[in-house]
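Heads up, the thing below is written out as structure tokens.
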Amino acid sequence: MAGSEFLLEVRCEEIPARMLQPAMRELATRLFEELMALNLAPAEMETGFTPRRLILMLKGLPSRESDRDEELFGPPVKAAFDAEGLPTRAAEGFARKCGVEVEALQRKETGKGEYLAATRSIVGRPVSEVLSQLLPPLVEGLGWAKTMRWGVGEGPWVRPIHGVVALCDGEVVPCSVFDVTSGSETSGHAILSPRPFAIRSVADYRRKMARRQIVIRFEKRRQILQAQLDEAAKTLGGDLVVDPELLDRLTAICEIPGTVVGRFEPAFLALPREVLIASLRDHQSAFTLESGGMLLPNFITVMDRPDDPKGRVKAGNEWVVAARLEDARFFFNEDRKTSLEQRREKLDHLTFHAKLGSYADKSKRTTELTKEVCESLEWDGDLEDAIQAAQLLKVDLTSEMVKEFTSLQGIVGGLYAEREEYPVDVWQAIYDQYLPASTDDAIPRGQVGQATALADRIDTLVGMFGLGLIPSGSRDPFGLRRAGQGVVRILLEGDLPLDLDLIAARSVLLFGDLLERGGKEILSDLRLFLQDRVRHLLSLRGYAYDTIEAALAVGSSNLPDLLARVDAVHKVREEKDFLSVVLAAKRIANILRESPDQDLEESRLKEPAERDLHSAAEALRNDIDRAENEGDYEQGLRAIAKLSEPLDRFFVEVLVMDENRELRSNRLALLQNIQRMISRTARLTEVVVDKSEHRERGESKSSS
Amino acid sequence: MHPDTFLRVLGPEPWNVAYVQPSRRPADARYGENPFRLGKHYQLQVILKPSPKDVQAVYIDSLRALGVDLEVHDLRFEEDNWEAPTLGAWGVGWQVMLDGMEITQFTYFQQAGGIELEPISAEITYGLERITMFLGLSRSVYDVEWVPGGVDYGLVRHQDEVEFSKYYFEVADVEFLKMRFDGNEKEAERCLEAGLVLPAYECALKCSHLFNVMDARGAVSVTERVALIKRVRNLAVACAREYVASRERLGYPLLAKDKDSARVKEEVQDGR
């Protein structure tokens, strides 16, 4: 490939797994942008990273910046010469800066008057020189989640830096990152190939790393690990319990991808499956295996070496896994000595939020709110179970197991409730309470689970909003976006016609005087916040943003109803008659802007076109009413679409802003009627119409 | 945290030290029934200040010196940032994993007693039970050979684990602990007023331990917890400030020593 090549390797102590990928992305993007800005964008850019290196490989780099002229502007001519026409100090200063005599300066007309100017020709720098200037601030300035200092105060960076290889076409790009000077030497794996060696080119680097079995590309390492995991699972006769997050994490902690398969005492299989998986995953970063729905007494984890020649890595891991499972069993047995009912008292001592009281207080509120939810959904049969679930929802926070495995919140409570033989609905509600936690999760299984999960989240949202703790930007310490998302998804996917405004208002009341803001403010902020979640979720389902806006603008606080409106708009929005009514609606909105309400007097309708419009509308009134009342929004919109023709004719033949005041106000009244009628399902003016596809028909007399 | 760690990492004076220290964590006590967890264990504490450039390589070599054949083991450094809220101290580093077992806490101290550190110390805390278990392939900590001739860890320490577990979880008298906490706090303050930073710090450490015992006993409510942590922290911060001031008053004696030693070293090298 033509052009220059460039290799950057920043070698350092082990970077935390979670920070590697974002840092690499940032480094690559920023360098690319900087080069682009200088017209030095490479034809190819490849990145790689291991816990101990960030690697950039560029190919097809222009070898140097192009030469160019730069125009410099000095003082205005007015200020450049005095009354005698002699150069002022400003003019002389500018000439000096440009390295020419004052006489040699040009005069250039700009938008702001005439200015002294000079042209300087700039010789483009070699790309190597550009890189030597770009690199230090780029590398030193990477935005790490947490930084440190080392030695006599070097840094801040994520971990101490040991070496920088910066090679452009085999030549070292001279630069310094903190106290480290760039060079052409690196070293291999810290244990297996620590001796330094020199690098000559990108290809040489790849070759030498490969010889040391170091896989520099993340994707490649993951692929190798995945293949090894699959192979091992096959040998054991089981399937891997799939966990892409764990695989990513493990890929980020090794330079040399290797896996080790271990065994544990089958007796530990008596522990709940969830606990076993969490213990192995959270503490030992190990995969579990299953066969026919049952876990196998095996695990697979990753090591930073290719093999286990003496079986020591396996033995060591098995040993630790045994200790971990021993601990899990200890927690499980300890926890089971106290019943969930007994644990309720302990919630008094567990703070939910300093200003919102303990988890006991939260449980009381959630229980009350759960009742309201059940009542308003007419789930009378579930009431008893729902109350029980709500009361026990948070008690597992007092368990040793949850203290040890926070990822098992809710799940542990559910498992314990199952063992204490609570009704299925109750233990499942506790188990499912944090669902959906991610986009792939389902919502809680049953109505009891849905009611309690909703009440719990609405209580949290209202409480936090009531203290003004509303998420902004990337800051969301209480996970309120996820909570909001959960509420919206449960309502939409559960098809629950719950009046969100109403239930949130009940929640506000349950807080008594704990909240610091007025109920109205809280509710309106919460409504906007949840609307954002609705927008997001519905756009993921493929609805256009303006379709969503049109339905949102009607202000339904019942989400399945809202969804039905969105869907109706979505279905009819490509139809010609409907679009023409949309355009008419926009025109009506323009005309009616700021005009007060008028009363329509049928007798004053003079022109045939306005009489026809009126009678067409009145003829449709019943259809529209019925469609709206029955929630058959598509039908409603189709009825509205029938006004297309009379509306068009009206605008062609009738002048709304007639000189006669009575005629004028009567026509405004007619349009107000129409506007009310056609805006019930959705606010049509929100729908964006592509004018190139839908030409407005005929110039109307009333457009002004 | 031992004063040779907590106080010595403060201020500009260099400090390199290694010592064995028993570490008590009441909440980790397991009645001598868990083969890996202990209410009291032994650490080899190492402080290198300022942290040498090659500290990680030196650490790896130290494992080889202990007899760990790294050619057949898996050594990894996993992110683990250390924080001691009661001491206003935190650092950045890793837990060092040998074949999946944590054997060392490796930390670059960033702050102690609420004071930003410079130079930075590297703290290497070797878990001695873990490493000896590893080397001796013991299935249980209690099987580790203490001295040759059949005296194992269990014979020496099991009773301690059983009794203290019972004490921490069942017997400790919370009122008495509180009283001692108050007393030690007052004593620390008195010492500080008298300019006696080391005795003051010792009292602060006792408060810290008493807090841990009360916590393990389950006798500390959430609000109390926050308040108690704050009280210990206040003592630690006051000790740290006072220590820095006292070293300054003394003219940073170790700083001078270091220059001397550097000169001596140079002379020796020149003479060669």
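Simple scheme: letters A, B, ... for chains in structure tokens order, numbers from 1 for residues in each chain, numbers from 1 for ligands in the order shown.
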Enumerate, as a PyMOL selection string, the complete set of residues in region 51-264 of chain B that a backbone-based DSSP assignment places in strand (DSSP E).
chain B and resi 75-79+82-84+89-98+101-112+115-116+122-127+145-147+151-152
The selected residues should be written to file as a compact mmCIF listing (two decimals), in the first residue's frame (atoms: N, CA and C atoms).
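The result, stored in again.txt:
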```
# COMPACT_ATOMS: atom_id res chain seq x y z
N LEU B 75 -0.52 -16.06 36.60
CA LEU B 75 -0.49 -14.87 37.46
C LEU B 75 -1.20 -13.72 36.77
N ARG B 76 -2.16 -13.14 37.45
CA ARG B 76 -2.87 -12.02 36.84
C ARG B 76 -3.07 -10.89 37.84
N PHE B 77 -3.12 -9.69 37.31
CA PHE B 77 -3.36 -8.50 38.14
C PHE B 77 -4.76 -7.98 37.81
N GLU B 78 -5.69 -8.17 38.73
CA GLU B 78 -7.07 -7.75 38.47
C GLU B 78 -7.39 -6.49 39.25
N GLU B 79 -8.06 -5.57 38.58
CA GLU B 79 -8.39 -4.30 39.21
C GLU B 79 -9.01 -4.50 40.58
N TRP B 82 -8.28 -0.09 46.64
CA TRP B 82 -8.38 -0.26 48.08
C TRP B 82 -8.88 1.04 48.71
N GLU B 83 -9.75 0.88 49.70
CA GLU B 83 -10.25 2.08 50.37
C GLU B 83 -10.52 1.77 51.83
N ALA B 84 -10.10 2.65 52.71
CA ALA B 84 -10.39 2.51 54.13
C ALA B 84 -11.07 3.79 54.61
N ALA B 89 -8.35 6.92 53.71
CA ALA B 89 -7.25 6.46 52.86
C ALA B 89 -7.79 5.68 51.68
N TRP B 90 -7.16 5.86 50.52
CA TRP B 90 -7.51 5.03 49.39
C TRP B 90 -6.33 4.93 48.43
N GLY B 91 -6.39 3.92 47.61
CA GLY B 91 -5.34 3.72 46.63
C GLY B 91 -5.88 2.96 45.44
N VAL B 92 -5.04 2.88 44.41
CA VAL B 92 -5.43 2.24 43.17
C VAL B 92 -4.52 1.05 42.94
N GLY B 93 -5.05 -0.04 42.48
CA GLY B 93 -4.17 -1.18 42.23
C GLY B 93 -4.92 -2.42 41.83
N TRP B 94 -4.40 -3.54 42.31
CA TRP B 94 -4.96 -4.83 41.89
C TRP B 94 -5.01 -5.80 43.06
N GLN B 95 -5.83 -6.84 42.89
CA GLN B 95 -5.61 -8.04 43.66
C GLN B 95 -4.82 -8.95 42.73
N VAL B 96 -3.76 -9.50 43.27
CA VAL B 96 -2.93 -10.36 42.43
C VAL B 96 -3.45 -11.78 42.55
N MET B 97 -3.77 -12.38 41.43
CA MET B 97 -4.39 -13.70 41.41
C MET B 97 -3.38 -14.73 40.92
N LEU B 98 -3.15 -15.74 41.72
CA LEU B 98 -2.29 -16.84 41.31
C LEU B 98 -3.18 -18.06 41.14
N MET B 101 -6.42 -17.55 42.68
CA MET B 101 -6.52 -17.25 44.12
C MET B 101 -5.84 -15.91 44.40
N GLU B 102 -6.52 -15.08 45.20
CA GLU B 102 -5.93 -13.81 45.56
C GLU B 102 -4.82 -14.06 46.58
N ILE B 103 -3.60 -13.67 46.21
CA ILE B 103 -2.49 -13.88 47.16
C ILE B 103 -1.89 -12.57 47.66
N THR B 104 -2.20 -11.49 46.97
CA THR B 104 -1.59 -10.22 47.34
C THR B 104 -2.52 -9.07 46.97
N GLN B 105 -2.47 -8.05 47.80
CA GLN B 105 -3.14 -6.80 47.45
C GLN B 105 -2.02 -5.82 47.10
N PHE B 106 -2.08 -5.31 45.92
CA PHE B 106 -1.01 -4.43 45.40
C PHE B 106 -1.62 -3.06 45.17
N THR B 107 -1.15 -2.06 45.91
CA THR B 107 -1.83 -0.76 45.88
C THR B 107 -0.85 0.39 45.75
N TYR B 108 -1.17 1.31 44.88
CA TYR B 108 -0.47 2.59 44.86
C TYR B 108 -1.28 3.55 45.73
N PHE B 109 -0.79 3.84 46.91
CA PHE B 109 -1.52 4.74 47.82
C PHE B 109 -1.66 6.13 47.20
N GLN B 110 -2.87 6.64 47.21
CA GLN B 110 -3.09 7.98 46.67
C GLN B 110 -3.40 8.98 47.78
N GLN B 111 -4.03 8.49 48.83
CA GLN B 111 -4.44 9.40 49.91
C GLN B 111 -4.40 8.65 51.22
N ALA B 112 -3.98 9.34 52.29
CA ALA B 112 -4.06 8.75 53.63
C ALA B 112 -4.41 9.86 54.60
N ILE B 115 -5.15 13.17 53.27
CA ILE B 115 -4.09 14.00 52.66
C ILE B 115 -3.64 13.37 51.35
N GLU B 116 -3.59 14.16 50.31
CA GLU B 116 -3.10 13.74 48.99
C GLU B 116 -1.62 13.41 49.12
N ALA B 122 4.12 2.44 47.01
CA ALA B 122 3.52 1.17 46.60
C ALA B 122 3.38 0.33 47.85
N GLU B 123 2.19 -0.20 48.09
CA GLU B 123 1.98 -1.08 49.22
C GLU B 123 1.72 -2.49 48.68
N ILE B 124 2.52 -3.43 49.13
CA ILE B 124 2.33 -4.81 48.71
C ILE B 124 2.00 -5.63 49.96
N THR B 125 0.81 -6.17 49.98
CA THR B 125 0.37 -6.95 51.14
C THR B 125 0.26 -8.41 50.74
N TYR B 126 1.22 -9.21 51.17
CA TYR B 126 1.21 -10.64 50.86
C TYR B 126 0.31 -11.34 51.87
N GLY B 127 -0.61 -12.14 51.39
CA GLY B 127 -1.43 -12.95 52.29
C GLY B 127 -0.65 -14.22 52.64
N GLU B 145 1.63 -26.39 57.60
CA GLU B 145 2.65 -26.73 58.59
C GLU B 145 3.20 -25.44 59.19
N TRP B 146 3.11 -25.33 60.52
CA TRP B 146 3.61 -24.11 61.18
C TRP B 146 5.11 -24.25 61.41
N VAL B 147 5.49 -25.34 62.07
CA VAL B 147 6.91 -25.72 62.14
C VAL B 147 6.97 -27.22 61.85
N VAL B 151 3.47 -29.81 63.89
CA VAL B 151 2.74 -28.66 64.45
C VAL B 151 2.16 -27.85 63.29
N ASP B 152 0.85 -27.91 63.18
CA ASP B 152 0.25 -27.18 62.05
C ASP B 152 -0.50 -25.95 62.52
```
Quick one: residues within 12 Å of Asp215 (chain B), only C-alpha atoms counted, chain neighbours fewer than 2 positions away excluded, as an MDAnalysis selection string?
chainID B and resid 25:28 168:169 172 174 177:178 208:213 217:222 224:226 228:229
Restrict the distance test to only C-alpha atoms, flag each residue of chain A within 7 Å of chain B, and return the flagged residues as a short mmCIF file (atom, residue, chain, number, x, y, z; two decimals) with C-alpha atoms, in the first residue's frame.
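As a result, iface_18.cif now contains:
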```
data_model
loop_
_atom_site.label_atom_id
_atom_site.label_comp_id
_atom_site.auth_asym_id
_atom_site.auth_seq_id
_atom_site.Cartn_x
_atom_site.Cartn_y
_atom_site.Cartn_z
CA GLU A 14 -2.48 -3.89 33.93
CA PRO A 16 -8.71 -2.56 34.46
CA MET A 148 -3.69 7.46 39.75
CA ARG A 149 -0.24 8.88 40.34
CA TRP A 150 2.93 6.92 40.87
CA GLY A 151 6.59 7.37 41.81
CA VAL A 152 7.43 10.93 42.73
CA GLY A 153 4.09 12.09 41.36
CA ILE A 191 6.10 -13.98 32.92
CA LEU A 192 6.66 -16.05 29.81
CA GLN A 284 -14.01 -16.65 40.00
CA MET A 303 -5.85 -17.91 32.14
CA ASP A 304 -3.21 -15.63 30.73
CA ARG A 305 -1.10 -18.41 29.29
CA ASP A 308 -1.41 -25.78 32.02
CA PRO A 309 1.59 -28.07 31.75
CA LYS A 310 1.52 -29.45 35.26
CA ARG A 312 -1.34 -26.49 38.65
CA VAL A 313 -3.61 -23.81 37.23
CA GLY A 316 -5.41 -23.87 42.09
CA ASN A 317 -8.68 -22.74 40.55
CA VAL A 320 -10.48 -21.52 45.23
CA ALA A 323 -13.60 -22.20 49.02
CA HIS A 349 -32.25 -0.37 60.12
CA LEU A 350 -31.61 -0.32 56.42
CA THR A 351 -31.68 3.14 54.90
#
```
What is the CA of Leu61 (chain A) to CA of Ser4 (chain A) distance in Å?
4.7 Å
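Between CA of Ser358 (chain A) and CA of Thr460 (chain A) lies a distance of 12.3 Å.
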Selection: 8 Å around Glu13 (chain B), only C-alpha atoms, excl. self and same-chain fewer than 4 positions, as a VMD selection string:
chain B and resid 8 252 to 255
Taking N, CA and C atoms for each residue, export the selection above as an mmCIF file, in the first residue's frame.
```cif
data_model
loop_
_atom_site.group_PDB
_atom_site.id
_atom_site.type_symbol
_atom_site.label_atom_id
_atom_site.label_comp_id
_atom_site.auth_asym_id
_atom_site.auth_seq_id
_atom_site.Cartn_x
_atom_site.Cartn_y
_atom_site.Cartn_z
ATOM 1 N N ARG B 8 3.880 6.615 57.750
ATOM 2 C CA ARG B 8 5.116 6.785 56.977
ATOM 3 C C ARG B 8 4.875 7.113 55.508
ATOM 4 N N TYR B 252 12.392 16.729 58.504
ATOM 5 C CA TYR B 252 12.354 15.538 57.640
ATOM 6 C C TYR B 252 13.649 14.740 57.725
ATOM 7 N N PRO B 253 13.975 14.209 58.880
ATOM 8 C CA PRO B 253 15.282 13.566 59.062
ATOM 9 C C PRO B 253 15.600 12.472 58.041
ATOM 10 N N LEU B 254 14.584 11.744 57.611
ATOM 11 C CA LEU B 254 14.883 10.654 56.667
ATOM 12 C C LEU B 254 15.231 11.169 55.273
ATOM 13 N N LEU B 255 14.773 12.364 54.989
ATOM 14 C CA LEU B 255 15.096 12.959 53.696
ATOM 15 C C LEU B 255 16.598 13.212 53.628
#
```
